[in-house]
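A.B. asks: What follows is upload04.tsv; its format and atoms are TSV, C-alpha atoms.
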```tsv
chain	number	residue	atom	x	y	z
A	1	MET	CA	120.39	102.34	104.66
A	2	LEU	CA	121.30	103.37	101.11
A	3	ASP	CA	121.37	107.11	100.44
A	4	ASN	CA	120.12	108.72	97.22
A	5	ASN	CA	123.54	108.61	95.58
A	6	GLN	CA	123.95	104.91	96.33
A	7	ILE	CA	120.45	104.16	95.05
A	8	ALA	CA	121.17	106.05	91.82
A	9	ALA	CA	124.50	104.26	91.42
A	10	ALA	CA	122.87	100.83	91.81
A	11	ALA	CA	120.21	101.73	89.25
A	12	LYS	CA	122.87	102.89	86.78
A	13	VAL	CA	124.78	99.62	87.05
A	14	LEU	CA	121.63	97.58	86.39
A	15	ASN	CA	120.47	99.84	83.57
A	16	ASP	CA	123.88	99.73	81.90
A	17	HIS	CA	123.90	95.93	82.00
A	18	TRP	CA	120.35	95.79	80.61
A	19	HIS	CA	121.21	97.98	77.63
A	20	ALA	CA	124.49	96.14	77.00
A	21	GLY	CA	122.90	92.70	77.34
A	22	THR	CA	125.53	91.75	79.90
A	23	LYS	CA	125.34	90.20	83.37
A	24	LEU	CA	126.88	90.79	86.78
A	25	GLY	CA	127.44	88.57	89.77
A	26	ALA	CA	126.04	90.95	92.38
A	27	LEU	CA	125.85	94.65	93.08
A	28	ASP	CA	128.83	95.99	95.00
A	29	GLY	CA	128.28	95.80	98.75
A	30	ALA	CA	128.32	99.59	99.07
A	31	ILE	CA	125.29	99.96	96.78
A	32	ARG	CA	123.53	96.64	97.30
A	33	PRO	CA	119.94	96.94	98.57
A	34	HIS	CA	118.99	95.12	101.74
A	35	GLY	CA	115.29	94.48	102.08
A	36	ARG	CA	112.33	95.12	99.81
A	37	ALA	CA	112.10	98.88	100.46
A	38	GLU	CA	115.65	99.53	99.25
A	39	GLY	CA	115.08	97.24	96.28
A	40	TYR	CA	112.03	99.24	95.25
A	41	ALA	CA	113.93	102.50	95.75
A	42	VAL	CA	116.53	101.34	93.20
A	43	GLN	CA	113.77	100.17	90.86
A	44	ALA	CA	112.12	103.61	91.02
A	45	GLU	CA	115.37	105.13	89.76
A	46	LEU	CA	115.28	102.76	86.79
A	47	GLU	CA	111.94	104.26	85.77
A	48	LYS	CA	113.63	107.65	85.46
A	49	THR	CA	115.86	106.31	82.68
A	50	SER	CA	112.83	106.01	80.39
A	51	ARG	CA	111.85	108.97	78.24
A	52	GLU	CA	108.29	107.71	77.96
A	53	LYS	CA	105.38	107.46	80.35
A	54	LEU	CA	105.34	104.31	82.47
A	55	PHE	CA	103.46	101.60	80.57
A	56	GLY	CA	102.51	99.58	83.61
A	57	TRP	CA	103.47	96.93	86.12
A	58	LYS	CA	104.38	93.26	86.20
A	59	ILE	CA	104.26	90.73	88.98
A	60	ALA	CA	106.99	88.14	89.23
A	61	ALA	CA	106.63	84.85	91.08
A	62	THR	CA	102.86	84.67	91.50
A	63	SER	CA	102.99	80.90	91.03
A	64	GLU	CA	104.91	78.25	92.93
A	65	ALA	CA	106.78	77.42	89.70
A	66	GLY	CA	107.69	81.08	89.26
A	67	GLN	CA	108.91	81.35	92.84
A	68	LYS	CA	111.09	78.29	92.38
A	69	HIS	CA	112.39	79.67	89.08
A	70	ILE	CA	113.96	82.73	90.74
A	71	ASN	CA	114.21	81.28	94.28
A	72	VAL	CA	111.97	83.68	96.21
A	73	ALA	CA	109.21	83.06	98.75
A	74	GLY	CA	106.54	85.29	97.23
A	75	PRO	CA	105.58	87.82	94.55
A	76	LEU	CA	107.62	90.87	93.49
A	77	ALA	CA	106.36	93.92	91.59
A	78	GLY	CA	108.23	95.47	88.69
A	79	ARG	CA	107.77	98.26	86.18
A	80	ILE	CA	106.95	97.73	82.49
A	81	LEU	CA	108.82	100.44	80.60
A	82	ALA	CA	107.34	101.53	77.26
A	83	GLU	CA	110.53	100.70	75.37
A	84	THR	CA	110.29	97.03	76.36
A	85	LEU	CA	107.07	96.44	74.39
A	86	ILE	CA	106.98	94.02	71.46
A	87	ALA	CA	103.95	94.18	69.17
A	88	ASP	CA	101.54	91.26	69.20
A	89	GLY	CA	102.80	88.87	66.50
A	90	GLY	CA	106.11	90.70	66.38
A	91	THR	CA	109.66	89.51	66.88
A	92	ALA	CA	111.62	89.65	70.13
A	93	SER	CA	115.40	89.57	70.14
A	94	MET	CA	117.10	86.87	72.19
A	95	LYS	CA	120.28	88.97	72.43
A	96	GLY	CA	121.54	89.11	75.99
A	97	ASN	CA	118.63	87.01	77.30
A	98	ALA	CA	120.02	84.35	79.63
A	99	MET	CA	116.75	83.35	81.31
A	100	ARG	CA	115.23	82.35	77.93
A	101	VAL	CA	111.65	81.60	78.93
A	102	GLY	CA	108.22	82.78	77.83
A	103	GLU	CA	105.23	83.19	80.11
A	104	PRO	CA	101.50	83.38	79.18
A	105	GLU	CA	99.74	85.95	81.35
A	106	TYR	CA	96.48	87.79	82.05
A	107	ALA	CA	96.89	91.57	81.86
A	108	PHE	CA	94.47	94.25	83.08
A	109	ARG	CA	94.39	97.86	81.84
A	110	MET	CA	93.16	100.52	84.24
A	111	ALA	CA	90.29	102.75	83.11
A	112	ARG	CA	90.97	105.37	85.78
A	113	ASP	CA	93.28	106.07	88.70
A	114	LEU	CA	92.93	103.94	91.81
A	115	ALA	CA	92.37	106.47	94.58
A	116	PRO	CA	95.34	106.49	97.00
A	117	ARG	CA	94.64	105.50	100.59
A	118	THR	CA	96.30	104.02	103.64
A	119	THR	CA	94.12	100.91	104.06
A	120	PRO	CA	94.27	97.84	101.79
A	121	TYR	CA	92.10	97.54	98.70
A	122	SER	CA	89.77	94.59	98.18
A	123	VAL	CA	89.85	92.63	94.93
A	124	GLN	CA	86.52	94.14	93.90
A	125	GLU	CA	87.65	97.70	94.61
A	126	VAL	CA	90.58	97.24	92.24
A	127	LEU	CA	88.48	95.51	89.58
A	128	ASP	CA	86.03	98.42	89.68
A	129	VAL	CA	88.67	100.70	88.10
A	130	VAL	CA	89.79	98.20	85.43
A	131	GLY	CA	88.79	98.92	81.85
A	132	THR	CA	89.93	95.93	79.79
A	133	LEU	CA	91.43	92.44	80.05
A	134	HIS	CA	94.13	91.29	77.61
A	135	PRO	CA	96.06	88.09	76.84
A	136	ALA	CA	99.78	88.75	77.20
A	137	ILE	CA	103.22	87.17	77.05
A	138	GLU	CA	106.09	88.16	79.29
A	139	ILE	CA	109.70	87.46	78.33
A	140	PRO	CA	111.59	87.95	81.61
A	141	ASP	CA	115.31	88.12	82.22
A	142	SER	CA	117.71	89.17	84.96
A	143	ARG	CA	120.81	91.29	84.95
A	144	PHE	CA	122.31	88.83	87.44
A	145	ALA	CA	124.24	85.89	86.04
A	146	ASP	CA	122.84	83.65	88.78
A	147	PHE	CA	119.38	85.05	89.44
A	148	THR	CA	118.54	82.13	91.74
A	149	SER	CA	121.07	83.37	94.31
A	150	ALA	CA	120.52	87.13	93.94
A	151	GLY	CA	117.80	87.31	96.61
A	152	GLU	CA	114.56	89.27	96.58
A	153	ALA	CA	116.05	92.71	97.36
A	154	GLN	CA	118.43	92.60	94.39
A	155	LEU	CA	115.76	91.05	92.14
A	156	ILE	CA	113.30	93.83	93.02
A	157	ALA	CA	116.05	96.36	92.23
A	158	ASP	CA	116.53	94.46	88.97
A	159	ASN	CA	112.93	95.42	88.10
A	160	ALA	CA	111.59	92.04	89.20
A	161	CYS	CA	113.25	90.41	86.18
A	162	ALA	CA	111.36	92.58	83.67
A	163	HIS	CA	112.75	92.42	80.14
A	164	LEU	CA	110.28	92.32	77.21
A	165	PHE	CA	106.49	92.28	77.11
A	166	VAL	CA	103.79	91.51	74.51
A	167	LEU	CA	100.25	92.80	75.00
A	168	GLY	CA	97.43	91.21	73.03
A	169	PRO	CA	94.21	93.02	72.08
A	170	ALA	CA	91.54	93.80	74.64
A	171	THR	CA	89.08	90.94	74.81
A	172	PRO	CA	85.62	91.58	73.35
A	173	ALA	CA	84.22	88.97	75.75
A	174	ASP	CA	82.39	89.84	78.96
A	175	TRP	CA	85.49	89.00	80.99
A	176	ARG	CA	83.93	90.02	84.30
A	177	ALA	CA	81.57	87.05	83.93
A	178	ILE	CA	84.42	84.59	83.23
A	179	ASP	CA	85.85	82.49	86.04
A	180	LEU	CA	89.52	83.28	85.46
A	181	VAL	CA	90.54	80.75	88.13
A	182	GLU	CA	89.42	77.87	85.92
A	183	GLU	CA	90.51	79.28	82.57
A	184	ARG	CA	93.00	77.00	80.79
A	185	PRO	CA	94.95	78.81	78.06
A	186	THR	CA	96.72	76.68	75.46
A	187	ILE	CA	100.30	77.51	74.51
A	188	THR	CA	101.82	76.24	71.26
A	189	LEU	CA	105.61	76.12	71.05
A	190	ARG	CA	107.81	74.09	68.66
A	191	GLY	CA	104.89	71.87	67.70
A	192	GLU	CA	104.04	71.03	71.32
A	193	ARG	CA	100.91	72.14	73.16
A	194	TYR	CA	100.87	73.12	76.83
A	195	THR	CA	97.90	73.94	79.05
A	196	GLY	CA	98.02	76.74	81.60
A	197	HIS	CA	95.62	77.29	84.47
A	198	GLY	CA	94.29	80.55	85.86
A	199	LYS	CA	94.58	79.31	89.43
A	200	ASN	CA	98.38	79.19	89.04
A	201	VAL	CA	98.36	83.00	89.21
A	202	LEU	CA	98.33	83.52	92.98
A	203	GLY	CA	95.15	81.43	93.12
A	204	ASP	CA	93.28	83.93	90.91
A	205	PRO	CA	94.62	86.54	88.44
A	206	ARG	CA	92.21	89.06	89.97
A	207	ALA	CA	93.73	88.46	93.40
A	208	ALA	CA	97.18	89.00	91.88
A	209	LEU	CA	96.00	92.34	90.49
A	210	ALA	CA	94.83	93.38	93.95
A	211	TRP	CA	98.13	92.21	95.43
A	212	CYS	CA	99.96	94.56	93.05
A	213	ALA	CA	97.71	97.47	93.98
A	214	ASN	CA	98.38	96.87	97.66
A	215	GLU	CA	102.12	96.39	97.17
A	216	LEU	CA	102.24	99.78	95.46
A	217	ARG	CA	99.99	101.32	98.12
A	218	ALA	CA	102.56	100.38	100.76
A	219	LEU	CA	105.17	102.25	98.69
A	220	GLY	CA	103.02	105.39	98.46
A	221	LEU	CA	102.15	104.63	94.80
A	222	THR	CA	98.93	103.83	92.99
A	223	LEU	CA	97.75	102.38	89.69
A	224	ARG	CA	97.00	105.06	87.10
A	225	ALA	CA	94.54	105.28	84.22
A	226	GLY	CA	95.93	103.58	81.12
A	227	GLU	CA	98.51	101.52	82.98
A	228	VAL	CA	98.63	97.78	82.34
A	229	VAL	CA	99.21	95.21	85.07
A	230	THR	CA	100.33	91.77	83.94
A	231	THR	CA	99.68	89.28	86.69
A	232	GLY	CA	102.23	86.49	86.32
A	233	THR	CA	102.49	83.28	84.39
A	234	CYS	CA	99.64	80.77	84.33
A	235	HIS	CA	102.01	78.00	83.18
A	236	PRO	CA	105.52	77.13	84.43
A	237	PRO	CA	108.02	79.22	82.43
A	238	LEU	CA	108.55	77.62	79.01
A	239	PRO	CA	112.06	77.44	77.48
A	240	ILE	CA	112.44	79.47	74.28
A	241	GLN	CA	115.13	79.85	71.61
A	242	ALA	CA	115.77	81.84	68.45
A	243	GLY	CA	113.46	80.71	65.65
A	244	ASP	CA	110.57	79.84	67.98
A	245	MET	CA	107.01	81.06	67.69
A	246	PHE	CA	105.22	81.29	71.05
A	247	ALA	CA	101.44	81.41	70.64
A	248	ALA	CA	98.96	81.56	73.51
A	249	ASP	CA	95.24	80.88	72.98
A	250	PHE	CA	93.16	82.19	75.87
A	251	GLY	CA	89.87	80.96	74.40
A	252	ALA	CA	87.11	83.58	74.52
A	253	ILE	CA	89.59	86.08	75.96
A	254	GLY	CA	91.70	86.07	72.80
A	255	ASN	CA	95.10	85.19	71.38
A	256	VAL	CA	98.61	86.62	71.54
A	257	SER	CA	101.87	85.52	69.95
A	258	VAL	CA	105.51	86.46	69.51
A	259	LYS	CA	108.46	85.17	67.47
A	260	PHE	CA	112.07	85.00	68.65
A	261	ALA	CA	115.20	85.85	66.72
```
Have the structure of the file written as structure tokens, please.

C.D. replies:
Amino acid sequence: MLDNNQIAAAAKVLNDHWHAGTKLGALDGAIRPHGRAEGYAVQAELEKTSREKLFGWKIAATSEAGQKHINVAGPLAGRILAETLIADGGTASMKGNAMRVGEPEYAFRMARDLAPRTTPYSVQEVLDVVGTLHPAIEIPDSRFADFTSAGEAQLIADNACAHLFVLGPATPADWRAIDLVEERPTITLRGERYTGHGKNVLGDPRAALAWCANELRALGLTLRAGEVVTTGTCHPPLPIQAGDMFAADFGAIGNVSVKFA
């Protein structure tokens, strides 16, 4: 079991690589997390490196394509740090990004705290404390040179491959009446059009949101008012490169876009 010093040391290595835009093969055996709990302990230390309030949470690998992309069996939760935000329509740097993919996502913003408890939350209980729904784009990356062989414990420590994040405006539509399972956002990239599907997000983006709430509950954490939860890609990760414009049209829910340089 890693002690507090080892956890802090692992977080520092990952944070240093993130800021430098460099990669590592694996964490040294003396500070390498084994199991999800140790991975999340390292990730929690990463949050302390931010001078700003936690922006929210992301979920990696909510789709089969996403799981294959990073070679894990199921979803992983990660933190969205405020300094990773790119404005809607803004420009994201490709510097140090080896994964080089964009992901169209559904993101929920909490209207109030989800009351902590020991028993699991239902989907409806989590939705009851949501304020707004947003279109979003995640630009993931890993600090590991070969993220497919890092394993879930190291990937959780690596903030579940969090890198950059774009949040679109809150939808004016009555999103609670929309069947998100059957929504089919259109992504435009380099003149090609791609169609996502809400059901790719753990069967239902709302179910993915509840999964995140329950994953945090097991860690003694809860979703807080104002935090955003982005629920995972609704289309297999799309390759991106400098000069691209990635635009996602979520129909009545709204639009979001980002350029790459």

A.B. asks: In terms of the shortest atom-to-atom distance over all atoms listed in the file, which of A:Thr148, A:Thr91, A:Ser50, A:Thr119 is closest to Met245 in chain A?

C.D. replies: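 Checking each of A:Thr148, A:Thr91, A:Ser50, A:Thr119 against Met245 in chain A, counting all atoms listed in the file, the winner is A:Thr91.
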
A.B. asks: Using only C-alpha atoms, determine which residues lie at most 8 Å from Thr171 in chain A, disregarding the query and same-chain residues fewer than 3 positions distant; provide the list as a list in words.

C.D. replies: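 So the residues in contact are Thr132, Leu133, His134, Pro135, Asp174, Trp175, Ala252, Ile253 and Gly254 of chain A.
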
A.B. asks: Figure out the distance between CA of Leu209 in chain A and CA of Val42 in chain A, please, to one decimal in Å.

C.D. replies: 22.6 Å

A.B. asks: Please list as number ranges by chain every residue within 7 Å of range 190-203 of chain A, counting all atoms listed in the file and excluding residues in the same chain fewer than 2 positions away.

C.D. replies: A: 62-63, 180-188, 205, 207-208, 231-235, 244

A.B. asks: Go ahead and save the residues from that selection, with C-alpha atoms, as a PDB file, keeping the file's coordinate frame.

C.D. replies:
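again.pdb, written as the output of this step:
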```
ATOM      1  CA  THR A  62     102.860  84.670  91.500  1.00  0.00           C
ATOM      2  CA  SER A  63     102.990  80.900  91.030  1.00  0.00           C
ATOM      3  CA  LEU A 180      89.520  83.280  85.460  1.00  0.00           C
ATOM      4  CA  VAL A 181      90.540  80.750  88.130  1.00  0.00           C
ATOM      5  CA  GLU A 182      89.420  77.870  85.920  1.00  0.00           C
ATOM      6  CA  GLU A 183      90.510  79.280  82.570  1.00  0.00           C
ATOM      7  CA  ARG A 184      93.000  77.000  80.790  1.00  0.00           C
ATOM      8  CA  PRO A 185      94.950  78.810  78.060  1.00  0.00           C
ATOM      9  CA  THR A 186      96.720  76.680  75.460  1.00  0.00           C
ATOM     10  CA  ILE A 187     100.300  77.510  74.510  1.00  0.00           C
ATOM     11  CA  THR A 188     101.820  76.240  71.260  1.00  0.00           C
ATOM     12  CA  PRO A 205      94.620  86.540  88.440  1.00  0.00           C
ATOM     13  CA  ALA A 207      93.730  88.460  93.400  1.00  0.00           C
ATOM     14  CA  ALA A 208      97.180  89.000  91.880  1.00  0.00           C
ATOM     15  CA  THR A 231      99.680  89.280  86.690  1.00  0.00           C
ATOM     16  CA  GLY A 232     102.230  86.490  86.320  1.00  0.00           C
ATOM     17  CA  THR A 233     102.490  83.280  84.390  1.00  0.00           C
ATOM     18  CA  CYS A 234      99.640  80.770  84.330  1.00  0.00           C
ATOM     19  CA  HIS A 235     102.010  78.000  83.180  1.00  0.00           C
ATOM     20  CA  ASP A 244     110.570  79.840  67.980  1.00  0.00           C
TER      21      ASP A 244
END
```

A.B. asks: I'd like the neighbourhood of range 18-27 of chain A as an MDAnalysis selection string, where a residue qualifies if any of its atoms comes within 9 Å (using all atoms listed in the file), though same-chain residues fewer than 5 positions away should be ignored.

C.D. replies: chainID A and resid 10 13 32:33 95:98 142:147 150 154 163

A.B. asks: Select, from A:His17, A:Lys48, A:Arg100, A:Arg176, the residue with the minimum atom-to-atom distance to Leu238 in chain A, counting all atoms listed in the file.

C.D. replies: A:Arg100

A.B. asks: So which one's closest to His34 in chain A, A:Ala9, A:Cys161, A:Val129, A:Ala153? Using all atoms listed in the file, please.

C.D. replies: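 Of A:Ala9, A:Cys161, A:Val129, A:Ala153, the one nearest His34 in chain A is A:Ala153, counting all atoms listed in the file.
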
A.B. asks: To one decimal place in Å, what is the distance between CA of Glu227 in chain A and CA of Asn5 in chain A?

C.D. replies: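 Going from CA of Glu227 in chain A over to CA of Asn5 in chain A, I get 28.9 Å.
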
A.B. asks: Taking all atoms listed in the file into account, name the residue in A:Phe108, A:Arg224, A:Val123, A:Ala157 that is nearest to Ala170 in chain A.

C.D. replies: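 Under the stated criterion, the closest residue is A:Phe108.
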
A.B. asks: Between A:Ala107, A:Ile59, A:Ala82, A:Leu216, single out the one closest to Pro140 in chain A, counting all atoms listed in the file.

C.D. replies: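 Checking each of A:Ala107, A:Ile59, A:Ala82, A:Leu216 against Pro140 in chain A, counting all atoms listed in the file, the winner is A:Ile59.
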
A.B. asks: Just want the 9 Å neighbourhood of Ala44 in chain A, counted on all atoms listed in the file, with same-chain residues fewer than 3 positions away dropped. Output as a PyMOL selection string.

C.D. replies: chain A and resi 11+39-41+47-48+79+157+159

A.B. asks: Between CA of Lys259 in chain A and CA of Ser93 in chain A, measure the distance and give it in Å to one decimal.

C.D. replies: 8.6 Å

A.B. asks: Nearest residue to Thr84 in chain A out of A:Phe165, A:Pro120, A:Gly29, A:Asn71, using all atoms listed in the file?

C.D. replies: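 Checking each candidate against Thr84 in chain A, we get A:Phe165 as the closest.
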
A.B. asks: Around the point (101.2, 98.6, 88.4) in the file's coordinates, collect all residues with an atom within 7 Å, using all atoms listed in the file, and return them as a list in words.

C.D. replies: Gly56, Trp57, Lys58, Arg79, Cys212, Ala213, Leu223, Glu227, Val228 and Val229 of chain A

A.B. asks: Name all residues at most 7 Å from Met94 in chain A (count only C-alpha atoms; drop same-chain ones fewer than 4 positions away) and give them as an MDAnalysis selection string.

C.D. replies: chainID A and resid 242 260:261

A.B. asks: Once 3 Å is added on each side, what are the centre and the three edge lengths, in Å to one decimal, of the axis-aligned box enclosing the listed atoms of range 212-227 of chain A? Present them as JSON.

C.D. replies:
```
{"center_x": 99.9, "center_y": 100.0, "center_z": 90.9, "size_x": 16.6, "size_y": 16.8, "size_z": 25.6}
```
